[in-house]
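Next comes data-v6.pdb, a file with PDB, N, CA and C atoms.
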```pdb
ATOM      1  N   MET A   1      48.950 -21.433  45.811
ATOM      2  CA  MET A   1      47.827 -22.206  45.377
ATOM      3  C   MET A   1      46.534 -21.455  45.551
ATOM      4  N   ASN A   2      46.447 -20.737  46.644
ATOM      5  CA  ASN A   2      45.255 -19.958  46.946
ATOM      6  C   ASN A   2      45.030 -18.893  45.876
ATOM      7  N   GLU A   3      46.103 -18.303  45.425
ATOM      8  CA  GLU A   3      46.013 -17.280  44.391
ATOM      9  C   GLU A   3      45.531 -17.884  43.074
ATOM     10  N   SER A   4      45.960 -19.079  42.754
ATOM     11  CA  SER A   4      45.513 -19.772  41.545
ATOM     12  C   SER A   4      44.032 -20.079  41.617
ATOM     13  N   ASN A   5      43.589 -20.535  42.780
ATOM     14  CA  ASN A   5      42.152 -20.822  42.959
ATOM     15  C   ASN A   5      41.317 -19.566  42.799
ATOM     16  N   ASP A   6      41.811 -18.456  43.338
ATOM     17  CA  ASP A   6      41.091 -17.184  43.218
ATOM     18  C   ASP A   6      41.010 -16.758  41.757
ATOM     19  N   LYS A   7      42.098 -16.911  41.039
ATOM     20  CA  LYS A   7      42.105 -16.551  39.621
ATOM     21  C   LYS A   7      41.172 -17.457  38.823
ATOM     22  N   LEU A   8      41.181 -18.743  39.170
ATOM     23  CA  LEU A   8      40.309 -19.696  38.496
ATOM     24  C   LEU A   8      38.838 -19.375  38.770
ATOM     25  N   LYS A   9      38.527 -19.045  40.016
ATOM     26  CA  LYS A   9      37.149 -18.669  40.370
ATOM     27  C   LYS A   9      36.737 -17.387  39.650
ATOM     28  N   LEU A  10      37.663 -16.426  39.605
ATOM     29  CA  LEU A  10      37.386 -15.174  38.901
ATOM     30  C   LEU A  10      37.155 -15.440  37.411
ATOM     31  N   PHE A  11      38.011 -16.299  36.831
ATOM     32  CA  PHE A  11      37.855 -16.650  35.419
ATOM     33  C   PHE A  11      36.508 -17.344  35.180
ATOM     34  N   THR A  12      36.146 -18.273  36.041
ATOM     35  CA  THR A  12      34.885 -19.005  35.922
ATOM     36  C   THR A  12      33.706 -18.048  36.044
ATOM     37  N   THR A  13      33.790 -17.130  36.979
ATOM     38  CA  THR A  13      32.716 -16.150  37.173
ATOM     39  C   THR A  13      32.567 -15.277  35.937
ATOM     40  N   ARG A  14      33.677 -14.809  35.400
ATOM     41  CA  ARG A  14      33.635 -13.965  34.206
ATOM     42  C   ARG A  14      33.076 -14.735  33.009
ATOM     43  N   MET A  15      33.448 -15.993  32.876
ATOM     44  CA  MET A  15      32.929 -16.816  31.783
ATOM     45  C   MET A  15      31.409 -16.979  31.904
ATOM     46  N   ARG A  16      30.936 -17.206  33.110
ATOM     47  CA  ARG A  16      29.488 -17.333  33.332
ATOM     48  C   ARG A  16      28.768 -16.024  32.986
ATOM     49  N   GLN A  17      29.399 -14.921  33.376
ATOM     50  CA  GLN A  17      28.825 -13.617  33.037
ATOM     51  C   GLN A  17      28.774 -13.433  31.522
ATOM     52  N   LEU A  18      29.850 -13.802  30.838
ATOM     53  CA  LEU A  18      29.873 -13.697  29.380
ATOM     54  C   LEU A  18      28.808 -14.582  28.739
ATOM     55  N   ILE A  19      28.652 -15.785  29.256
ATOM     56  CA  ILE A  19      27.631 -16.693  28.719
ATOM     57  C   ILE A  19      26.249 -16.108  28.925
ATOM     58  N   LEU A  20      25.992 -15.550  30.105
ATOM     59  CA  LEU A  20      24.686 -14.928  30.379
ATOM     60  C   LEU A  20      24.450 -13.730  29.473
ATOM     61  N   GLN A  21      25.485 -12.914  29.277
ATOM     62  CA  GLN A  21      25.354 -11.768  28.383
ATOM     63  C   GLN A  21      25.110 -12.229  26.952
ATOM     64  N   TYR A  22      25.796 -13.290  26.540
ATOM     65  CA  TYR A  22      25.597 -13.830  25.197
ATOM     66  C   TYR A  22      24.153 -14.295  25.020
ATOM     67  N   LYS A  23      23.625 -15.007  26.005
ATOM     68  CA  LYS A  23      22.238 -15.488  25.916
ATOM     69  C   LYS A  23      21.262 -14.318  25.865
ATOM     70  N   ALA A  24      21.528 -13.275  26.647
ATOM     71  CA  ALA A  24      20.651 -12.107  26.650
ATOM     72  C   ALA A  24      20.684 -11.398  25.296
ATOM     73  N   VAL A  25      21.878 -11.236  24.748
ATOM     74  CA  VAL A  25      22.020 -10.577  23.444
ATOM     75  C   VAL A  25      21.379 -11.426  22.351
ATOM     76  N   LYS A  26      21.560 -12.734  22.436
ATOM     77  CA  LYS A  26      20.954 -13.634  21.453
ATOM     78  C   LYS A  26      19.430 -13.537  21.503
ATOM     79  N   LYS A  27      18.867 -13.511  22.706
ATOM     80  CA  LYS A  27      17.418 -13.395  22.855
ATOM     81  C   LYS A  27      16.937 -12.054  22.305
ATOM     82  N   GLU A  28      17.637 -10.982  22.627
ATOM     83  CA  GLU A  28      17.281  -9.656  22.121
ATOM     84  C   GLU A  28      17.349  -9.631  20.590
ATOM     85  N   ASN A  29      18.372 -10.270  20.026
ATOM     86  CA  ASN A  29      18.530 -10.335  18.582
ATOM     87  C   ASN A  29      17.346 -11.063  17.945
ATOM     88  N   GLU A  30      16.927 -12.162  18.521
ATOM     89  CA  GLU A  30      15.774 -12.914  18.002
ATOM     90  C   GLU A  30      14.500 -12.064  18.054
ATOM     91  N   GLU A  31      14.338 -11.323  19.160
ATOM     92  CA  GLU A  31      13.171 -10.453  19.283
ATOM     93  C   GLU A  31      13.190  -9.351  18.228
ATOM     94  N   LEU A  32      14.377  -8.800  17.987
ATOM     95  CA  LEU A  32      14.495  -7.747  16.977
ATOM     96  C   LEU A  32      14.204  -8.292  15.582
ATOM     97  N   TYR A  33      14.693  -9.492  15.284
ATOM     98  CA  TYR A  33      14.389 -10.101  13.991
ATOM     99  C   TYR A  33      12.889 -10.350  13.846
ATOM    100  N   ALA A  34      12.254 -10.775  14.924
ATOM    101  CA  ALA A  34      10.806 -10.990  14.891
ATOM    102  C   ALA A  34      10.074  -9.671  14.632
ATOM    103  N   MET A  35      10.554  -8.589  15.258
ATOM    104  CA  MET A  35       9.944  -7.279  15.033
ATOM    105  C   MET A  35      10.121  -6.842  13.581
ATOM    106  N   VAL A  36      11.306  -7.074  13.028
ATOM    107  CA  VAL A  36      11.574  -6.702  11.633
ATOM    108  C   VAL A  36      10.644  -7.495  10.700
ATOM    109  N   ASP A  37      10.503  -8.785  10.962
ATOM    110  CA  ASP A  37       9.603  -9.602  10.143
ATOM    111  C   ASP A  37       8.167  -9.091  10.216
ATOM    112  N   ALA A  38       7.721  -8.739  11.422
ATOM    113  CA  ALA A  38       6.368  -8.214  11.586
ATOM    114  C   ALA A  38       6.203  -6.901  10.827
ATOM    115  N   ARG A  39       7.199  -6.033  10.895
ATOM    116  CA  ARG A  39       7.141  -4.749  10.186
ATOM    117  C   ARG A  39       7.112  -4.959   8.671
ATOM    118  N   GLU A  40       7.899  -5.927   8.198
ATOM    119  CA  GLU A  40       7.911  -6.202   6.766
ATOM    120  C   GLU A  40       6.547  -6.720   6.305
ATOM    121  N   LYS A  41       5.913  -7.540   7.127
ATOM    122  CA  LYS A  41       4.565  -8.016   6.782
ATOM    123  C   LYS A  41       3.584  -6.847   6.753
ATOM    124  N   ASP A  42       3.696  -5.948   7.735
ATOM    125  CA  ASP A  42       2.824  -4.766   7.761
ATOM    126  C   ASP A  42       3.049  -3.900   6.524
ATOM    127  N   ILE A  43       4.304  -3.719   6.164
ATOM    128  CA  ILE A  43       4.625  -2.893   4.989
ATOM    129  C   ILE A  43       4.047  -3.526   3.735
ATOM    130  N   GLU A  44       4.170  -4.826   3.602
ATOM    131  CA  GLU A  44       3.637  -5.510   2.417
ATOM    132  C   GLU A  44       2.118  -5.390   2.362
ATOM    133  N   GLN A  45       1.480  -5.520   3.517
ATOM    134  CA  GLN A  45       0.024  -5.382   3.569
ATOM    135  C   GLN A  45      -0.389  -3.960   3.186
ATOM    136  N   LEU A  46       0.334  -2.970   3.678
ATOM    137  CA  LEU A  46       0.025  -1.583   3.346
ATOM    138  C   LEU A  46       0.272  -1.300   1.865
ATOM    139  N   ARG A  47       1.306  -1.914   1.308
ATOM    140  CA  ARG A  47       1.550  -1.751  -0.131
ATOM    141  C   ARG A  47       0.396  -2.325  -0.945
ATOM    142  N   GLN A  48      -0.096  -3.481  -0.515
ATOM    143  CA  GLN A  48      -1.221  -4.091  -1.217
ATOM    144  C   GLN A  48      -2.469  -3.216  -1.095
ATOM    145  N   GLN A  49      -2.699  -2.651   0.083
ATOM    146  CA  GLN A  49      -3.846  -1.756   0.269
ATOM    147  C   GLN A  49      -3.700  -0.517  -0.602
ATOM    148  N   LEU A  50      -2.503   0.026  -0.668
ATOM    149  CA  LEU A  50      -2.257   1.199  -1.502
ATOM    150  C   LEU A  50      -2.514   0.876  -2.964
ATOM    151  N   GLN A  51      -2.020  -0.277  -3.422
ATOM    152  CA  GLN A  51      -2.232  -0.674  -4.814
ATOM    153  C   GLN A  51      -3.723  -0.843  -5.096
ATOM    154  N   GLN A  52      -4.453  -1.451  -4.162
ATOM    155  CA  GLN A  52      -5.896  -1.637  -4.336
ATOM    156  C   GLN A  52      -6.602  -0.276  -4.383
ATOM    157  N   ALA A  53      -6.188   0.637  -3.513
ATOM    158  CA  ALA A  53      -6.785   1.969  -3.509
ATOM    159  C   ALA A  53      -6.498   2.698  -4.825
ATOM    160  N   GLN A  54      -5.290   2.563  -5.342
ATOM    161  CA  GLN A  54      -4.957   3.195  -6.613
ATOM    162  C   GLN A  54      -5.766   2.586  -7.758
ATOM    163  N   ASP A  55      -5.910   1.266  -7.730
ATOM    164  CA  ASP A  55      -6.720   0.610  -8.763
ATOM    165  C   ASP A  55      -8.177   1.075  -8.692
ATOM    166  N   ASP A  56      -8.703   1.165  -7.464
ATOM    167  CA  ASP A  56     -10.082   1.643  -7.287
ATOM    168  C   ASP A  56     -10.227   3.076  -7.786
ATOM    169  N   TYR A  57      -9.221   3.909  -7.476
ATOM    170  CA  TYR A  57      -9.267   5.303  -7.908
ATOM    171  C   TYR A  57      -9.292   5.396  -9.433
ATOM    172  N   HIS A  58      -8.429   4.611 -10.075
ATOM    173  CA  HIS A  58      -8.385   4.651 -11.540
ATOM    174  C   HIS A  58      -9.693   4.137 -12.133
ATOM    175  N   SER A  59     -10.276   3.125 -11.508
ATOM    176  CA  SER A  59     -11.565   2.609 -11.989
ATOM    177  C   SER A  59     -12.652   3.665 -11.851
ATOM    178  N   LEU A  60     -12.681   4.335 -10.717
ATOM    179  CA  LEU A  60     -13.681   5.387 -10.509
ATOM    180  C   LEU A  60     -13.459   6.553 -11.464
ATOM    181  N   LYS A  61     -12.206   6.880 -11.690
ATOM    182  CA  LYS A  61     -11.878   7.968 -12.612
ATOM    183  C   LYS A  61     -12.359   7.627 -14.014
ATOM    184  N   MET A  62     -12.124   6.381 -14.432
ATOM    185  CA  MET A  62     -12.558   5.938 -15.745
ATOM    186  C   MET A  62     -14.086   5.922 -15.827
ATOM    187  N   ALA A  63     -14.736   5.450 -14.775
ATOM    188  CA  ALA A  63     -16.199   5.413 -14.755
ATOM    189  C   ALA A  63     -16.771   6.821 -14.820
ATOM    190  N   LYS A  64     -16.136   7.755 -14.165
ATOM    191  CA  LYS A  64     -16.617   9.140 -14.177
ATOM    192  C   LYS A  64     -16.491   9.723 -15.584
ATOM    193  N   MET A  65     -15.407   9.377 -16.288
ATOM    194  CA  MET A  65     -15.239   9.892 -17.645
ATOM    195  C   MET A  65     -16.288   9.291 -18.580
ATOM    196  N   ILE A  66     -16.636   8.038 -18.353
ATOM    197  CA  ILE A  66     -17.590   7.357 -19.232
ATOM    198  C   ILE A  66     -19.033   7.732 -18.890
ATOM    199  N   GLU A  67     -19.275   8.042 -17.645
ATOM    200  CA  GLU A  67     -20.637   8.317 -17.177
ATOM    201  C   GLU A  67     -21.258   9.485 -17.940
ATOM    202  N   VAL A  68     -22.486   9.296 -18.338
ATOM    203  CA  VAL A  68     -23.215  10.354 -19.021
ATOM    204  C   VAL A  68     -24.311  10.815 -18.075
ATOM    205  N   SER A  69     -24.280  12.081 -17.771
ATOM    206  CA  SER A  69     -25.271  12.595 -16.830
ATOM    207  C   SER A  69     -26.578  12.898 -17.550
ATOM    208  N   ASP A  70     -27.636  13.073 -16.769
ATOM    209  CA  ASP A  70     -28.951  13.393 -17.336
ATOM    210  C   ASP A  70     -28.916  14.701 -18.113
ATOM    211  N   GLY A  71     -28.178  15.655 -17.647
ATOM    212  CA  GLY A  71     -28.069  16.939 -18.337
ATOM    213  C   GLY A  71     -27.462  16.763 -19.719
ATOM    214  N   ASP A  72     -26.473  15.900 -19.832
ATOM    215  CA  ASP A  72     -25.856  15.634 -21.132
ATOM    216  C   ASP A  72     -26.853  14.981 -22.083
ATOM    217  N   ILE A  73     -27.656  14.067 -21.579
ATOM    218  CA  ILE A  73     -28.649  13.382 -22.412
ATOM    219  C   ILE A  73     -29.691  14.379 -22.913
ATOM    220  N   GLU A  74     -30.157  15.231 -22.024
ATOM    221  CA  GLU A  74     -31.168  16.235 -22.411
ATOM    222  C   GLU A  74     -30.604  17.203 -23.449
ATOM    223  N   ALA A  75     -29.389  17.650 -23.232
ATOM    224  CA  ALA A  75     -28.766  18.577 -24.182
ATOM    225  C   ALA A  75     -28.597  17.902 -25.538
ATOM    226  N   SER A  76     -28.217  16.638 -25.527
ATOM    227  CA  SER A  76     -28.054  15.895 -26.787
ATOM    228  C   SER A  76     -29.394  15.739 -27.498
ATOM    229  N   LYS A  77     -30.438  15.441 -26.747
ATOM    230  CA  LYS A  77     -31.774  15.288 -27.352
ATOM    231  C   LYS A  77     -32.229  16.600 -27.988
ATOM    232  N   LYS A  78     -31.997  17.712 -27.295
ATOM    233  CA  LYS A  78     -32.387  19.010 -27.836
ATOM    234  C   LYS A  78     -31.605  19.329 -29.100
ATOM    235  N   ARG A  79     -30.333  19.037 -29.095
ATOM    236  CA  ARG A  79     -29.496  19.306 -30.262
ATOM    237  C   ARG A  79     -29.946  18.458 -31.459
ATOM    238  N   ILE A  80     -30.258  17.183 -31.218
ATOM    239  CA  ILE A  80     -30.731  16.301 -32.294
ATOM    240  C   ILE A  80     -32.070  16.790 -32.834
ATOM    241  N   ALA A  81     -32.968  17.186 -31.931
ATOM    242  CA  ALA A  81     -34.274  17.695 -32.369
ATOM    243  C   ALA A  81     -34.099  18.945 -33.226
ATOM    244  N   SER A  82     -33.179  19.814 -32.823
ATOM    245  CA  SER A  82     -32.912  21.025 -33.590
ATOM    246  C   SER A  82     -32.373  20.676 -34.974
ATOM    247  N   LEU A  83     -31.450  19.723 -35.038
ATOM    248  CA  LEU A  83     -30.901  19.305 -36.329
ATOM    249  C   LEU A  83     -31.979  18.687 -37.223
ATOM    250  N   ILE A  84     -32.888  17.915 -36.632
ATOM    251  CA  ILE A  84     -33.982  17.303 -37.408
ATOM    252  C   ILE A  84     -34.885  18.384 -37.980
ATOM    253  N   ARG A  85     -35.180  19.399 -37.185
ATOM    254  CA  ARG A  85     -36.026  20.507 -37.676
ATOM    255  C   ARG A  85     -35.347  21.217 -38.844
ATOM    256  N   GLU A  86     -34.041  21.444 -38.726
ATOM    257  CA  GLU A  86     -33.316  22.095 -39.818
ATOM    258  C   GLU A  86     -33.327  21.237 -41.080
ATOM    259  N   VAL A  87     -33.140  19.941 -40.940
ATOM    260  CA  VAL A  87     -33.180  19.044 -42.098
ATOM    261  C   VAL A  87     -34.574  19.057 -42.721
ATOM    262  N   ASN A  88     -35.611  19.037 -41.900
ATOM    263  CA  ASN A  88     -36.989  19.082 -42.418
ATOM    264  C   ASN A  88     -37.243  20.383 -43.176
ATOM    265  N   LYS A  89     -36.722  21.497 -42.660
ATOM    266  CA  LYS A  89     -36.876  22.783 -43.356
ATOM    267  C   LYS A  89     -36.193  22.725 -44.721
ATOM    268  N   CYS A  90     -34.991  22.134 -44.726
ATOM    269  CA  CYS A  90     -34.264  22.018 -45.996
ATOM    270  C   CYS A  90     -35.041  21.146 -46.989
ATOM    271  N   ILE A  91     -35.590  20.062 -46.507
ATOM    272  CA  ILE A  91     -36.360  19.171 -47.383
ATOM    273  C   ILE A  91     -37.586  19.895 -47.915
ATOM    274  N   THR A  92     -38.247  20.666 -47.081
ATOM    275  CA  THR A  92     -39.420  21.393 -47.486
ATOM    276  C   THR A  92     -39.033  22.410 -48.549
ATOM    277  N   LEU A  93     -37.963  23.140 -48.342
ATOM    278  CA  LEU A  93     -37.516  24.122 -49.328
ATOM    279  C   LEU A  93     -37.155  23.475 -50.650
ATOM    280  N   LEU A  94     -36.494  22.339 -50.591
ATOM    281  CA  LEU A  94     -36.112  21.658 -51.807
ATOM    282  C   LEU A  94     -37.330  21.073 -52.564
ATOM    283  N   SER A  95     -38.310  20.613 -51.832
ATOM    284  CA  SER A  95     -39.490  20.042 -52.466
ATOM    285  C   SER A  95     -40.386  21.140 -53.079
ATOM    286  N   GLU A  96     -40.289  22.359 -52.586
ATOM    287  CA  GLU A  96     -41.077  23.469 -53.146
ATOM    288  C   GLU A  96     -40.473  23.914 -54.458
ATOM    289  N   GLN A  97     -39.268  23.730 -54.690
ATOM    290  CA  GLN A  97     -38.621  24.228 -55.907
ATOM    291  C   GLN A  97     -38.779  23.312 -57.030
TER     292      GLN A  97
END
```
For this file, produce the structure as structure tokens.
Amino acid sequence: MNESNDKLKLFTTRMRQLILQYKAVKKENEELYAMVDAREKDIEQLRQQLQQAQDDYHSLKMAKMIEVSDGDIEASKKRIASLIREVNKCITLLSEQ
């Protein structure tokens, strides 16, 4: 009988140990899932920031292509003035004939 009681106590002790280990593993698993969820939220936020940065870059790139600098305006004005002078010369030559 004593041997049966010892085996029963040993079995009970082992079961308690298994239950404690199960609870510890379950808690660790929940913590890991929480960490994964947090990482996924961080990744999604970073993806959104990256997309916004890419959109901003493309907007700036487009604005730079459209932007006309002062040097371009001055060069265009000089070219137009030169063309007007040439047209006036042609008109003068044609009116003399």
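Here atom CA of Glu44 of chain A is placed at a distance of 18.3 Å from atom CA of Asp56 of chain A.
Between atom N of Ile73 of chain A and atom CA of Asp55 of chain A lies a distance of 28.0 Å.
Between atom CA of Lys41 of chain A and atom CA of Tyr57 of chain A lies a distance of 24.2 Å.
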Set up a box along x, y and z of the file covering all listed atoms of segment 3-14 of chain A, add 4 Å on every one of the six sides, and write the centre and edge lengths in Å to one decimal, as AutoDock Vina command-line options.
```
--center_x 39.3 --center_y -17.4 --center_z 39.2 --size_x 21.5 --size_y 14.9 --size_z 20.4
```
